[in-house]
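*Asks:* Below is the file upload_28.cif, which contains mmCIF, C-alpha atoms.
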```cif
data_entry
#
loop_
_atom_site.label_atom_id
_atom_site.label_comp_id
_atom_site.auth_asym_id
_atom_site.auth_seq_id
_atom_site.Cartn_x
_atom_site.Cartn_y
_atom_site.Cartn_z
CA MET V 260 10.29 -18.59 13.60
CA SER V 261 9.62 -21.85 11.87
CA THR V 262 8.12 -24.22 14.37
CA PRO V 263 6.85 -27.71 13.59
CA GLU V 264 3.29 -26.42 13.18
CA HIS V 265 4.44 -24.46 10.19
CA GLY V 266 4.71 -27.42 7.92
CA ILE V 267 8.44 -27.71 7.36
CA ALA V 268 9.13 -30.18 10.12
CA ARG V 269 8.79 -32.94 7.55
CA SER V 270 12.25 -32.20 6.27
CA GLY V 271 13.61 -32.60 9.80
CA ARG V 272 15.79 -29.53 9.31
CA PRO V 273 16.40 -27.28 12.32
CA PRO V 274 14.92 -23.82 11.78
CA ILE V 275 17.69 -21.50 10.69
CA ALA V 276 15.88 -18.26 11.50
CA ASP V 277 16.39 -18.71 15.22
CA ALA V 278 20.13 -18.57 14.90
CA SER V 279 20.41 -15.45 12.76
CA PRO V 280 19.73 -12.04 14.31
CA LEU V 281 16.89 -9.69 13.40
CA ILE V 282 17.84 -6.24 12.16
CA CYS V 283 15.30 -3.45 12.54
CA GLU V 284 14.71 -1.93 9.11
CA GLN V 285 13.64 1.36 10.62
CA CYS V 286 16.67 2.07 12.79
CA ASP V 287 19.30 -0.65 12.15
CA THR V 288 19.25 -2.08 15.67
CA VAL V 289 20.30 -5.74 15.98
CA HIS V 290 18.11 -8.07 18.03
CA ARG V 291 18.34 -11.71 18.97
CA ASN V 292 15.70 -13.78 17.21
CA ARG V 293 13.63 -16.38 18.98
CA THR V 294 10.65 -18.63 18.41
CA LEU V 295 7.42 -16.85 19.22
CA ALA V 296 4.39 -18.24 20.98
CA ARG V 297 0.84 -17.49 19.90
CA GLY V 298 0.01 -13.80 20.20
CA GLU V 299 3.63 -12.77 20.73
CA GLU V 300 5.51 -10.23 18.68
CA ILE V 301 9.01 -8.77 18.75
CA ARG V 302 9.26 -4.99 18.79
CA CYS V 303 12.40 -2.96 18.31
CA VAL V 304 13.80 -1.72 21.63
CA ARG V 305 15.10 1.48 20.03
CA CYS V 306 12.30 2.70 17.74
CA GLY V 307 9.30 0.48 18.54
CA ALA V 308 8.80 -0.95 15.03
CA GLU V 309 7.41 -4.47 14.77
CA LEU V 310 10.14 -6.93 13.82
CA ALA V 311 8.38 -10.27 13.89
CA ARG V 312 5.12 -11.76 15.01
CA TYR V 313 3.63 -15.18 15.55
CA HIS V 314 1.93 -16.53 12.45
CA VAL V 315 -1.41 -18.16 12.96
CA LEU V 316 -1.53 -19.40 9.36
CA ASN V 317 0.75 -22.08 8.01
CA VAL V 318 1.61 -22.48 4.34
CA ASN V 319 -1.56 -24.47 3.62
CA GLY V 320 -3.68 -21.83 5.32
CA MET V 321 -2.03 -19.11 3.28
CA LEU V 322 -2.61 -21.02 0.04
CA ALA V 323 -6.27 -21.47 0.92
CA LEU V 324 -6.52 -17.74 1.55
CA VAL V 325 -4.90 -16.88 -1.78
CA LEU V 326 -7.22 -19.20 -3.72
CA THR V 327 -10.25 -17.72 -1.95
CA ALA V 328 -9.03 -14.22 -2.75
CA LEU V 329 -8.57 -15.18 -6.43
CA ILE V 330 -12.15 -16.46 -6.72
CA VAL V 331 -13.53 -13.40 -4.96
CA PHE V 332 -11.38 -11.18 -7.20
CA VAL V 333 -12.90 -12.75 -10.33
CA ILE V 334 -16.43 -12.23 -8.97
CA ALA V 335 -15.59 -8.63 -8.02
CA ASN V 336 -14.40 -7.89 -11.55
CA VAL V 337 -17.06 -9.73 -13.57
CA TRP V 338 -20.17 -8.48 -11.77
CA PRO V 339 -21.04 -4.79 -11.80
CA VAL V 340 -20.30 -2.82 -8.64
CA VAL V 341 -23.29 -0.48 -8.55
CA THR V 342 -26.37 0.24 -10.69
CA LEU V 343 -27.89 3.70 -10.94
CA GLY V 344 -31.46 4.33 -12.03
CA LEU V 345 -32.92 7.55 -13.39
CA GLY V 346 -36.56 7.15 -14.39
CA VAL V 347 -36.64 4.13 -16.68
CA GLN V 348 -32.94 4.34 -17.58
CA GLN V 349 -30.37 2.22 -15.82
CA SER V 350 -26.61 2.44 -15.75
CA SER V 351 -24.08 0.15 -14.10
CA THR V 352 -20.35 -0.33 -14.15
CA THR V 353 -17.58 -2.77 -13.35
CA LEU V 354 -14.04 -1.82 -12.40
CA TRP V 355 -12.97 -2.13 -16.03
CA GLY V 356 -15.93 -0.02 -17.13
CA ALA V 357 -14.61 2.77 -14.91
CA ILE V 358 -11.03 2.33 -16.14
CA LEU V 359 -12.00 2.44 -19.84
CA MET V 360 -14.30 5.42 -19.29
CA MET V 361 -11.47 7.39 -17.65
CA TRP V 362 -9.28 6.61 -20.65
CA GLU V 363 -11.94 7.77 -23.13
CA GLN V 364 -12.66 10.92 -21.14
CA GLY V 365 -9.09 12.20 -21.30
CA ALA V 366 -7.90 11.08 -17.86
CA GLN V 367 -5.53 8.40 -19.17
CA VAL V 368 -3.17 8.85 -16.21
CA VAL V 369 -5.98 7.96 -13.84
CA ALA V 370 -6.98 5.01 -16.03
CA VAL V 371 -3.43 3.64 -15.85
CA ILE V 372 -3.18 4.18 -12.06
CA ALA V 373 -6.52 2.44 -11.51
CA ALA V 374 -5.73 -0.46 -13.86
CA ALA V 375 -2.37 -1.02 -12.16
CA THR V 376 -3.34 -0.64 -8.49
CA LEU V 377 -6.79 -2.25 -8.69
CA PHE V 378 -6.32 -4.95 -11.31
CA PHE V 379 -2.86 -5.88 -12.57
CA PHE V 380 -0.90 -5.57 -9.32
CA PRO V 381 -3.43 -7.37 -7.09
CA LEU V 382 -3.92 -10.11 -9.71
CA ASN V 383 -0.18 -10.61 -10.17
CA LYS V 384 0.34 -10.63 -6.44
CA MET V 385 -2.20 -13.42 -5.95
CA LEU V 386 -0.94 -15.50 -8.87
CA MET V 387 2.70 -15.21 -7.85
CA LEU V 388 1.94 -15.91 -4.20
CA GLY V 389 -0.18 -18.92 -5.16
CA TRP V 390 2.63 -20.28 -7.35
CA VAL V 391 5.23 -19.89 -4.60
CA LEU V 392 2.96 -21.39 -1.92
CA LEU V 393 2.11 -24.40 -4.08
CA TYR V 394 5.77 -25.43 -3.90
CA ALA V 395 6.29 -24.21 -0.34
CA ARG V 396 3.75 -26.81 0.85
CA ALA V 397 6.40 -29.43 0.15
CA GLY V 398 9.12 -27.22 1.59
CA ARG V 399 10.46 -26.46 -1.89
CA ARG V 400 11.23 -23.23 -3.69
CA ALA V 401 9.24 -22.71 -6.87
CA PRO V 402 11.00 -21.95 -10.17
CA GLY V 403 11.68 -18.22 -10.17
CA PHE V 404 11.32 -18.08 -6.37
CA ALA V 405 13.88 -15.30 -5.75
CA PHE V 406 12.58 -13.14 -8.61
CA ILE V 407 8.97 -13.57 -7.47
CA MET V 408 9.80 -12.78 -3.85
CA ARG V 409 11.59 -9.60 -4.90
CA THR V 410 8.69 -8.59 -7.14
CA LEU V 411 6.16 -9.27 -4.37
CA TYR V 412 8.20 -7.05 -2.06
CA HIS V 413 8.13 -4.18 -4.55
CA LEU V 414 4.44 -4.61 -5.45
CA GLN V 415 3.39 -4.68 -1.82
CA PRO V 416 2.55 -0.96 -1.32
CA TRP V 417 0.88 -0.58 -4.72
CA THR V 418 -2.36 -2.52 -4.37
CA MET V 419 -5.36 -0.40 -3.44
CA SER V 420 -8.49 -2.58 -3.59
CA GLU V 421 -9.52 -1.57 -0.08
CA VAL V 422 -9.42 2.12 -1.07
CA PHE V 423 -11.64 1.31 -4.05
CA VAL V 424 -14.26 -0.20 -1.72
CA LEU V 425 -14.39 2.99 0.32
CA GLY V 426 -14.53 4.93 -2.98
CA ALA V 427 -17.54 2.88 -4.05
CA MET V 428 -19.28 3.70 -0.77
CA VAL V 429 -18.63 7.40 -1.20
CA SER V 430 -19.89 7.22 -4.81
CA ILE V 431 -23.08 5.51 -3.67
CA VAL V 432 -23.79 8.18 -1.09
CA LYS V 433 -23.02 10.96 -3.59
CA ALA V 434 -25.23 9.42 -6.26
CA ARG V 435 -28.08 8.72 -3.84
CA ALA V 436 -28.99 12.41 -3.84
CA TYR V 437 -29.95 12.25 -7.54
CA PHE V 438 -30.50 8.63 -8.55
CA ASP V 439 -31.91 5.31 -7.40
CA VAL V 440 -28.87 3.39 -6.24
CA GLN V 441 -28.67 -0.36 -6.14
CA PRO V 442 -25.53 -2.15 -4.96
CA ASP V 443 -24.55 -5.13 -7.13
CA PRO V 444 -22.68 -8.40 -6.33
CA GLY V 445 -19.38 -6.76 -7.29
CA ILE V 446 -19.44 -4.48 -4.26
CA TRP V 447 -20.00 -7.39 -1.85
CA ALA V 448 -17.19 -9.33 -3.47
CA TYR V 449 -14.96 -6.29 -3.03
CA ALA V 450 -15.95 -6.04 0.61
CA VAL V 451 -14.94 -9.69 1.17
CA LEU V 452 -11.72 -9.07 -0.75
CA THR V 453 -10.92 -6.19 1.60
CA LEU V 454 -11.30 -8.52 4.57
CA LEU V 455 -8.96 -11.09 2.98
CA ILE V 456 -6.42 -8.37 2.18
CA THR V 457 -6.51 -7.21 5.79
CA ILE V 458 -5.73 -10.75 6.98
CA PHE V 459 -2.92 -10.92 4.44
CA SER V 460 -1.37 -7.63 5.46
CA GLY V 461 -0.41 -9.22 8.77
CA ILE V 462 1.64 -11.96 7.11
CA ASP V 463 5.38 -11.54 6.73
CA LEU V 464 6.29 -13.33 3.52
CA ARG V 465 9.96 -13.44 4.46
CA ARG V 466 9.29 -16.54 6.48
CA LEU V 467 8.92 -18.43 3.19
CA TRP V 468 12.68 -18.15 2.84
CA ASP V 469 13.07 -20.04 6.10
CA ASP V 470 10.23 -22.46 5.38
CA THR V 471 11.71 -23.71 2.12
CA GLU V 472 14.88 -25.46 1.01
CA PRO V 473 17.01 -24.07 -1.83
CA ARG V 474 16.62 -25.98 -5.09
CA ALA V 475 19.28 -28.58 -5.68
CA MET W 533 18.56 5.49 24.97
CA SER W 534 19.21 1.77 25.02
CA GLY W 535 22.66 0.44 24.36
CA ALA W 536 21.46 -2.17 21.86
CA PRO W 537 24.03 -2.60 19.07
CA ARG W 538 23.33 -1.35 15.58
CA ALA W 539 24.08 -3.37 12.46
CA ARG W 540 26.49 -0.78 11.14
CA GLU W 541 28.64 -0.95 14.27
CA LEU W 542 28.78 -4.74 14.06
CA GLY W 543 29.63 -4.70 10.35
CA LEU W 544 26.34 -6.43 9.52
CA ILE W 545 23.82 -5.64 6.84
CA GLY W 546 20.27 -6.95 6.58
CA CYS W 547 18.67 -7.65 3.20
CA HIS W 548 15.61 -5.40 2.90
CA VAL W 549 13.78 -7.96 0.76
CA CYS W 550 14.38 -11.34 2.43
CA GLY W 551 15.80 -10.31 5.82
CA LEU W 552 19.00 -12.36 5.53
CA VAL W 553 21.75 -10.94 7.69
CA CYS W 554 25.11 -10.72 5.90
CA ARG W 555 28.54 -9.48 6.81
CA GLU W 556 29.01 -6.07 5.26
CA PRO W 557 30.43 -6.51 1.72
CA SER W 558 33.56 -4.66 0.64
CA VAL W 559 32.27 -3.94 -2.85
CA ASP W 560 29.80 -1.17 -3.53
CA ASP W 561 27.15 -2.96 -5.57
CA ALA W 562 26.81 -6.23 -3.70
CA ALA W 563 23.72 -8.39 -4.02
CA CYS W 564 22.05 -10.50 -1.36
CA PRO W 565 23.41 -14.06 -1.66
CA ARG W 566 19.97 -15.52 -0.95
CA CYS W 567 17.46 -13.44 -2.95
CA GLY W 568 19.65 -11.37 -5.27
CA ALA W 569 18.34 -7.95 -4.19
CA ALA W 570 20.86 -5.11 -4.04
CA LEU W 571 22.39 -4.71 -0.57
CA HIS W 572 22.63 -1.18 0.79
CA ARG W 573 23.64 -0.11 4.25
CA ARG W 574 21.44 2.95 3.71
CA LYS W 575 19.21 3.94 0.80
CA ARG W 576 21.35 5.87 -1.65
CA GLY W 577 20.77 9.61 -1.93
CA SER W 578 17.79 9.21 0.37
CA ILE W 579 17.59 12.82 1.59
CA ALA W 580 17.97 14.40 -1.88
CA HIS W 581 15.52 11.97 -3.53
CA THR W 582 12.93 12.45 -0.82
CA TRP W 583 13.19 16.26 -1.00
CA ALA W 584 12.87 16.20 -4.81
CA LEU W 585 9.82 13.91 -4.78
CA LEU W 586 8.21 15.79 -1.92
CA ILE W 587 8.60 19.18 -3.61
CA ALA W 588 7.33 17.80 -6.92
CA ALA W 589 4.33 16.29 -5.11
CA PHE W 590 3.61 19.58 -3.37
CA LEU W 591 3.76 21.53 -6.66
CA LEU W 592 1.24 19.13 -8.21
CA TYR W 593 -0.95 19.33 -5.13
CA ILE W 594 -1.65 23.01 -5.86
CA PRO W 595 -3.42 22.48 -9.23
CA ALA W 596 -5.00 19.35 -7.74
CA ASN W 597 -6.83 21.57 -5.26
CA VAL W 598 -7.37 24.68 -7.37
CA LEU W 599 -8.58 22.97 -10.54
CA PRO W 600 -11.93 21.18 -10.55
CA ILE W 601 -11.72 17.38 -10.46
CA MET W 602 -15.18 16.54 -11.78
CA ARG W 603 -17.95 18.08 -13.94
CA THR W 604 -21.61 17.26 -13.52
CA VAL W 605 -23.90 18.18 -16.41
CA SER W 606 -27.62 17.76 -15.87
CA LEU W 607 -30.22 19.21 -18.24
CA GLY W 608 -27.63 21.60 -19.62
CA ASP W 609 -26.71 22.78 -16.15
CA VAL W 610 -22.92 22.58 -15.65
CA ASP W 611 -21.46 22.15 -12.17
CA ASP W 612 -17.69 21.84 -11.64
CA ASN W 613 -16.46 20.41 -8.34
CA THR W 614 -13.07 20.81 -6.71
CA ILE W 615 -11.93 18.44 -3.94
CA ILE W 616 -13.10 20.88 -1.27
CA SER W 617 -16.45 21.67 -2.87
CA GLY W 618 -17.04 17.92 -3.24
CA VAL W 619 -16.48 17.49 0.49
CA VAL W 620 -18.85 20.38 1.26
CA GLU W 621 -21.52 18.95 -1.02
CA LEU W 622 -21.20 15.55 0.62
CA TRP W 623 -21.56 17.19 4.03
CA VAL W 624 -24.67 19.15 3.04
CA LYS W 625 -26.51 16.64 0.89
CA GLY W 626 -25.23 13.23 1.81
CA SER W 627 -23.66 12.20 5.04
CA PRO W 628 -21.35 14.28 7.22
CA SER W 629 -19.43 11.25 8.45
CA LEU W 630 -18.44 10.29 4.89
CA ALA W 631 -17.53 13.93 4.23
CA VAL W 632 -15.10 13.71 7.16
CA ILE W 633 -13.56 10.54 5.68
CA VAL W 634 -13.11 12.14 2.24
CA PHE W 635 -11.72 15.32 3.83
CA THR W 636 -9.25 13.24 5.82
CA ALA W 637 -8.14 11.19 2.81
CA SER W 638 -7.87 14.09 0.35
CA ILE W 639 -6.72 17.01 2.50
CA VAL W 640 -5.52 15.91 5.95
CA VAL W 641 -3.45 12.90 4.85
CA PRO W 642 -1.55 14.63 1.98
CA MET W 643 -0.92 17.75 4.09
CA MET W 644 0.25 15.58 6.95
CA LYS W 645 2.57 13.72 4.60
CA PHE W 646 4.10 16.99 3.40
CA LEU W 647 4.54 18.30 6.95
CA VAL W 648 5.79 15.07 8.50
CA LEU W 649 8.26 14.22 5.72
CA ALA W 650 9.60 17.80 5.62
CA THR W 651 10.01 17.75 9.42
CA LEU W 652 11.79 14.39 9.28
CA LEU W 653 14.08 15.60 6.49
CA VAL W 654 15.03 18.84 8.23
CA SER W 655 15.56 17.24 11.63
CA THR W 656 17.60 14.42 10.10
CA GLN W 657 19.76 16.88 8.16
CA ARG W 658 20.36 18.82 11.37
CA ARG W 659 21.21 15.57 13.18
CA SER W 660 18.68 16.46 15.81
CA ASP W 661 17.85 14.00 18.58
CA TRP W 662 14.56 15.77 19.23
CA ALA W 663 11.58 13.44 19.76
CA LEU W 664 13.25 10.58 17.94
CA TRP W 665 10.85 7.92 19.10
CA GLN W 666 7.83 10.00 18.09
CA ARG W 667 9.42 10.82 14.74
CA ALA W 668 9.99 7.13 14.07
CA LYS W 669 6.35 6.49 14.90
CA LEU W 670 5.16 9.33 12.67
CA PHE W 671 7.11 7.94 9.74
CA ARG W 672 5.50 4.52 10.12
CA LEU W 673 2.07 6.16 10.31
CA VAL W 674 2.68 8.18 7.13
CA GLU W 675 3.82 5.07 5.28
CA PHE W 676 0.78 3.17 6.45
CA ILE W 677 -1.96 5.68 5.58
CA GLY W 678 -0.47 7.31 2.46
CA TYR W 679 -2.28 5.34 -0.24
CA TRP W 680 -5.76 6.02 1.18
CA SER W 681 -5.53 9.46 -0.43
CA MET W 682 -6.37 7.78 -3.73
CA LEU W 683 -10.00 7.68 -2.52
CA ASP W 684 -11.25 10.75 -4.42
CA VAL W 685 -9.61 9.57 -7.65
CA PHE W 686 -11.56 6.31 -7.52
CA VAL W 687 -14.76 8.16 -6.66
CA VAL W 688 -14.43 10.31 -9.79
CA ALA W 689 -13.66 7.22 -11.91
CA LEU W 690 -16.72 5.38 -10.61
CA LEU W 691 -19.11 8.32 -10.94
CA THR W 692 -17.86 9.01 -14.47
CA ALA W 693 -18.61 5.44 -15.47
CA LEU W 694 -21.95 5.34 -13.65
CA VAL W 695 -23.61 8.64 -14.44
CA ARG W 696 -24.23 8.12 -18.17
CA PHE W 697 -27.70 9.45 -18.80
CA GLY W 698 -26.90 11.64 -21.78
CA PHE W 699 -28.65 14.97 -21.71
CA LEU W 700 -30.35 14.20 -18.39
CA SER W 701 -27.19 13.71 -16.38
CA GLN W 702 -23.55 13.15 -17.11
CA VAL W 703 -20.27 13.19 -15.13
CA GLU W 704 -16.86 13.91 -16.65
CA PRO W 705 -13.40 13.92 -15.10
CA LEU W 706 -11.50 17.24 -15.14
CA PRO W 707 -7.71 17.83 -15.00
CA GLY W 708 -7.62 18.32 -11.21
CA VAL W 709 -8.12 14.60 -10.69
CA VAL W 710 -5.05 13.77 -12.80
CA PHE W 711 -2.90 16.16 -10.75
CA PHE W 712 -4.29 14.68 -7.57
CA GLY W 713 -3.56 11.10 -8.63
CA LEU W 714 0.02 12.08 -9.49
CA THR W 715 0.41 13.85 -6.14
CA VAL W 716 -0.52 10.68 -4.27
CA ILE W 717 1.88 8.56 -6.36
CA LEU W 718 4.73 11.02 -5.79
CA THR W 719 4.14 11.27 -2.02
CA MET W 720 4.23 7.46 -1.87
CA PHE W 721 7.55 7.41 -3.70
CA ALA W 722 8.79 10.18 -1.40
CA SER W 723 8.07 8.26 1.80
CA MET W 724 9.57 5.09 0.28
CA SER W 725 12.81 6.86 -0.59
CA PHE W 726 13.23 8.24 2.93
CA ASP W 727 15.56 6.06 5.00
CA PRO W 728 14.45 6.26 8.66
CA ARG W 729 17.75 4.73 9.80
CA LEU W 730 19.42 8.06 8.98
CA MET W 731 17.52 9.65 11.87
CA TRP W 732 19.37 7.41 14.32
CA ASP W 733 22.77 7.47 12.67
CA GLU W 734 24.57 10.50 14.01
CA ILE W 735 22.96 11.07 17.36
CA ASP W 736 23.83 7.95 19.27
CA HIS W 737 27.17 9.11 20.62
CA ASP W 738 26.09 10.73 23.84
#
```
Render the structure in this file as C-alpha cells.
*Replies:*
Amino acid sequence: MSTPEHGIARSGRPPIADASPLICEQCDTVHRNRTLARGEEIRCVRCGAELARYHVLNVNGMLALVLTALIVFVIANVWPVVTLGLGVQQSSTTLWGAILMMWEQGAQVVAVIAAATLFFFPLNKMLMLGWVLLYARAGRRAPGFAFIMRTLYHLQPWTMSEVFVLGAMVSIVKARAYFDVQPDPGIWAYAVLTLLITIFSGIDLRRLWDDTEPRA
Amino acid sequence: MSGAPRARELGLIGCHVCGLVCREPSVDDAACPRCGAALHRRKRGSIAHTWALLIAAFLLYIPANVLPIMRTVSLGDVDDNTIISGVVELWVKGSPSLAVIVFTASIVVPMMKFLVLATLLVSTQRRSDWALWQRAKLFRLVEFIGYWSMLDVFVVALLTALVRFGFLSQVEPLPGVVFFGLTVILTMFASMSFDPRLMWDEIDHD
C-alpha cells in the first residue's frame, strides 16, 4: 500500500505491506494484498467488507488535517453554539456549559457521556494522531507509538461530534417555536469539524505501521 | 460460495489493531509482536457477551421510552416530554423532516439494532447459512449507524443549558434521558462484542 507518493520512499525500503496478505476482519477470509491505484479499493470476496482503499492523503496531508481540526475544535469549544432571546433576556451556551448544566441538574451520567464523547475523546484523538504523524513525516515511530495506535483504535467508535452538530440543529428548530434563535460561531466551527471528521473517517491508520520504521 | 481460504484454515491470525498477519500462536494469551495488542482467533465469549449486553440495553430502553426525558416549565406551566412526544411536537410545531430524523435516530435505529443483533445471534447459534451475505451487510450497517442514536441526549443537554429564563421559561432533564444514554452505550458495546466471523465458521463445509 505504501507507494513512493506516500512519503516513505526516502528510506528506500521496499513496502512490506504488499508481501503480507490481507485478512478480512468480518469473515476471516485471506486475500492477496496489492498496491492500489487512485480510486481503487479491495473488497472481501466472501462478505463484501472493505479491506483496503487508495489513500489520497499522504502523511503531510494528514498532519495538516489534524492541525486544522485542532484549531477548529478550539474555536468550537470557546465560542457559544447558539444564543436564545426572550424579550430583553439572552441566553447562550458552549459545549461545556451544556455538560456542566447536565451535571448540576442531576443527569451526571449524561454529563460524563457528553464530556467523554464530545470533548476528551476527540481532543485526545487529535493530539495523539498529531504526535504520531509528526514523527511519521520522517518515517519514524514516535515514542509510545504502539500504545497510542492501540488507544486510537479503541477510541475510534467513541467520538460523536457530528451527532452533536445534528443535535444543535434539532435544538435550534425546537427552540425557534418559543424564542429568538441566533446561531453563534461555535455552530459553524462544529459544522467544519464534522466535514474534517468525515474526511478522516476514510483513512485507515494501520498504514502508519507500514509507513514507519521501528525505533532502533 | 467462493473457495477463498480462511485464516483459520491456513493457521494464520490477523492482528485486529495493526493488521499484521502472524502464524497462529500455540499459547492462549499471545500478543501481537508488532503493536502488543492481544491476539484472538475469535472474540472470546462473543455470543454470551453480546446477548448479555443486548438484553441489558433492551431493559433500559423500556424506561427510556416510558419515562419523560425533558421538562419544560414556562410561567408555572409544566410540560413533560417523552422521546415520542418530543418527535410529535417537532412534527407539529417545527419541521416534519427533522422529526423524521429524530424518530429515526431515537426509535428506528435502536429497535433495528435490537432486531438485527438478535437475528444475527440466533442464526449464528443455529449455524444457519441463511442470507449470509445480507447478514454480514446488516452487521456493518448497525455498527456504522449505532452512535447516531445519541442525538436526543445531546438535544436535551443543549436545551437545558440554553433555556434559562427563570420563571418565564426553563428546561430540565428528566431520568428518561439517562436511561436512553445508557441504552445507546450498551448497544454500542453489544455490537462491538459480536464477532461476525462466527457467522461464517461452521457453514462452509458444503
*Asks:* If you measure from atom CA of Asp612 of chain W to atom CA of Pro600 of chain W, what distance in Å do you get, rounded to one decimal?
*Replies:*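 These two atoms are separated by 5.9 Å.
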*Asks:* Between W:Gln702, W:Asp661, W:Ser617, W:Thr715, single out the one closest to Ile594 of chain W, counting all atoms listed in the file.
*Replies:* W:Thr715
*Asks:* Step by step, work through what the PyMOL selection byres ((chain W and resi 545) around 12) selects in the shown file, and finish by giving those residues as number ranges by chain.
*Replies:* V: 279-284, 287-289; W: 538-544, 546-558, 562-565, 570-574
*Asks:* Grab the atom CA of Ile587 of chain W to atom CA of Leu683 of chain W distance for me, in Å with one decimal place.
*Replies:*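 About the pair atom CA of Ile587 of chain W and atom CA of Leu683 of chain W: they are 21.9 Å apart.
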*Asks:* So which residues are close to (8.0, -7.5, 13.5), meaning at most 9 Å away in the file's coordinates with all atoms listed in the file counted, and can you show them as a PDB file with C-alpha atoms, in the coordinates of the input?
*Replies:*
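Full text of part-v2.pdb as output:
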```pdb
ATOM      1  CA  CYS V 283      15.300  -3.450  12.540  1.00  0.00           C
ATOM      2  CA  GLU V 300       5.510 -10.230  18.680  1.00  0.00           C
ATOM      3  CA  ILE V 301       9.010  -8.770  18.750  1.00  0.00           C
ATOM      4  CA  ARG V 302       9.260  -4.990  18.790  1.00  0.00           C
ATOM      5  CA  CYS V 303      12.400  -2.960  18.310  1.00  0.00           C
ATOM      6  CA  ALA V 308       8.800  -0.950  15.030  1.00  0.00           C
ATOM      7  CA  GLU V 309       7.410  -4.470  14.770  1.00  0.00           C
ATOM      8  CA  LEU V 310      10.140  -6.930  13.820  1.00  0.00           C
ATOM      9  CA  ALA V 311       8.380 -10.270  13.890  1.00  0.00           C
ATOM     10  CA  ARG V 312       5.120 -11.760  15.010  1.00  0.00           C
ATOM     11  CA  ASP V 463       5.380 -11.540   6.730  1.00  0.00           C
TER      12      ASP V 463
END
```
*Asks:* For the PyMOL selection byres ((chain V and resi 467) around 10), applied here, can you spell out every residue it catches as number ranges by chain?
*Replies:* V: 261, 318, 391-392, 395, 398-400, 404, 408, 463-466, 468-472; W: 550
*Asks:* Those selected residues, please, written with C-alpha atoms and delivered as a PDB file, in the frame of the given file.
*Replies:*
```pdb
ATOM      1  CA  SER V 261       9.620 -21.850  11.870  1.00  0.00           C
ATOM      2  CA  VAL V 318       1.610 -22.480   4.340  1.00  0.00           C
ATOM      3  CA  VAL V 391       5.230 -19.890  -4.600  1.00  0.00           C
ATOM      4  CA  LEU V 392       2.960 -21.390  -1.920  1.00  0.00           C
ATOM      5  CA  ALA V 395       6.290 -24.210  -0.340  1.00  0.00           C
ATOM      6  CA  GLY V 398       9.120 -27.220   1.590  1.00  0.00           C
ATOM      7  CA  ARG V 399      10.460 -26.460  -1.890  1.00  0.00           C
ATOM      8  CA  ARG V 400      11.230 -23.230  -3.690  1.00  0.00           C
ATOM      9  CA  PHE V 404      11.320 -18.080  -6.370  1.00  0.00           C
ATOM     10  CA  MET V 408       9.800 -12.780  -3.850  1.00  0.00           C
ATOM     11  CA  ASP V 463       5.380 -11.540   6.730  1.00  0.00           C
ATOM     12  CA  LEU V 464       6.290 -13.330   3.520  1.00  0.00           C
ATOM     13  CA  ARG V 465       9.960 -13.440   4.460  1.00  0.00           C
ATOM     14  CA  ARG V 466       9.290 -16.540   6.480  1.00  0.00           C
ATOM     15  CA  TRP V 468      12.680 -18.150   2.840  1.00  0.00           C
ATOM     16  CA  ASP V 469      13.070 -20.040   6.100  1.00  0.00           C
ATOM     17  CA  ASP V 470      10.230 -22.460   5.380  1.00  0.00           C
ATOM     18  CA  THR V 471      11.710 -23.710   2.120  1.00  0.00           C
ATOM     19  CA  GLU V 472      14.880 -25.460   1.010  1.00  0.00           C
TER      20      GLU V 472
ATOM     21  CA  CYS W 550      14.380 -11.340   2.430  1.00  0.00           C
TER      22      CYS W 550
END
```
*Asks:* Using atom CA of Arg659 of chain W and atom CA of Ala589 of chain W as the two end points, give the distance in Å to one decimal.
*Replies:*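 Straight-line distance from atom CA of Arg659 of chain W to atom CA of Ala589 of chain W works out to 24.9 Å.
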*Asks:* Here's the selection I'm unsure about, the PyMOL selection byres ((chain V and resi 454-460) around 9); applied to the file above, which residues does it give, as a ChimeraX atom specification?
*Replies:* /V:321,324-325,327-328,420-421,449-453,461-463
*Asks:* Please, what is the axis-aligned box for every listed atom of segment 689-704 of chain W with 4 Å on each side, as centre and edge lengths in Å to one decimal, as AutoDock Vina command-line options?
*Replies:*
```
--center_x -22.0 --center_y 10.2 --center_z -16.2 --size_x 24.7 --size_y 17.6 --size_z 19.2
```
*Asks:* In the coordinate frame of the file, compute which residues have an atom within 12 Å of (-8.6, 8.9, -20.9) when using only C-alpha atoms, and state them as a ChimeraX atom specification.
*Replies:* /V:357-373 /W:689,692-693,704-707,709-710
*Asks:* Neighbouring residues of Asp611 of chain W were defined as those with any atom within 12 Å, considering only C-alpha atoms; residues of the same chain fewer than 2 positions away were excluded. Please report them as a ChimeraX atom specification.
*Replies:* /W:600-609,613-614,617-618,621,701-706
*Asks:* Which residue out of V:Arg396, V:His314, V:Arg305, V:Arg297 has the minimum interatomic distance to chain W when only C-alpha atoms are used?
*Replies:*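 Looking at the shortest contact to chain W, the residue is V:Arg305.
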*Asks:* Excluding same-chain residues fewer than 5 positions from Val432 of chain V, what lies within 12 Å of it counting all atoms listed in the file, as a list of chain:residue names?
*Replies:*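 Using all atoms listed in the file, the neighbours found are V:Val341, V:Leu343, V:Leu425, V:Gly426, V:Ala427, V:Tyr437, V:Phe438, V:Asp439, V:Val440, V:Gln441, V:Pro442, W:Val619, W:Glu621, W:Leu622, W:Trp623, W:Val624, W:Lys625, W:Gly626, W:Ser627, W:Pro628, W:Ser629, W:Leu630, W:Ala631, W:Val634, W:Val687, W:Leu691.
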*Asks:* With distances taken over all atoms listed in the file, which residue among V:Thr376, V:Gln285, V:Leu386, V:Arg435 lies nearest Lys575 of chain W?
*Replies:* V:Gln285
*Asks:* From the options V:Leu382, V:Leu411, V:Ala335, V:Leu393, which residue's atoms come nearest to chain W, counting only C-alpha atoms?
*Replies:*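 When distances to chain W are compared using only C-alpha atoms, the smallest one comes from V:Leu411.
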*Asks:* Counting all atoms listed in the file, which of V:Ala401, V:Leu295, V:Leu377, V:Ile334 gets nearest to chain W?
*Replies:* V:Leu377
*Asks:* Give me the residues near Ala637 of chain W as a ChimeraX atom specification, where near means some atom within 10 Å (using all atoms listed in the file) and where sequence neighbours in that chain fewer than 2 positions away do not count.
*Replies:* /V:422 /W:631-635,639-643,677-684
*Asks:* Can you tell me, as a list in words, what residues are no more than 9 Å from segment 717-722 of chain W when counting only C-alpha atoms, ignoring any on the same chain fewer than 5 positions away?
*Replies:*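 My reading of the contact set: Ile372 and Pro416 of chain V; His581, Thr582, Trp583, Ala584, Leu585, Leu586, Ala588, Ala589, Phe590, Pro642, Lys645, Phe646, Leu649, Glu675, Gly678, Tyr679, Met682 and Phe712 of chain W.
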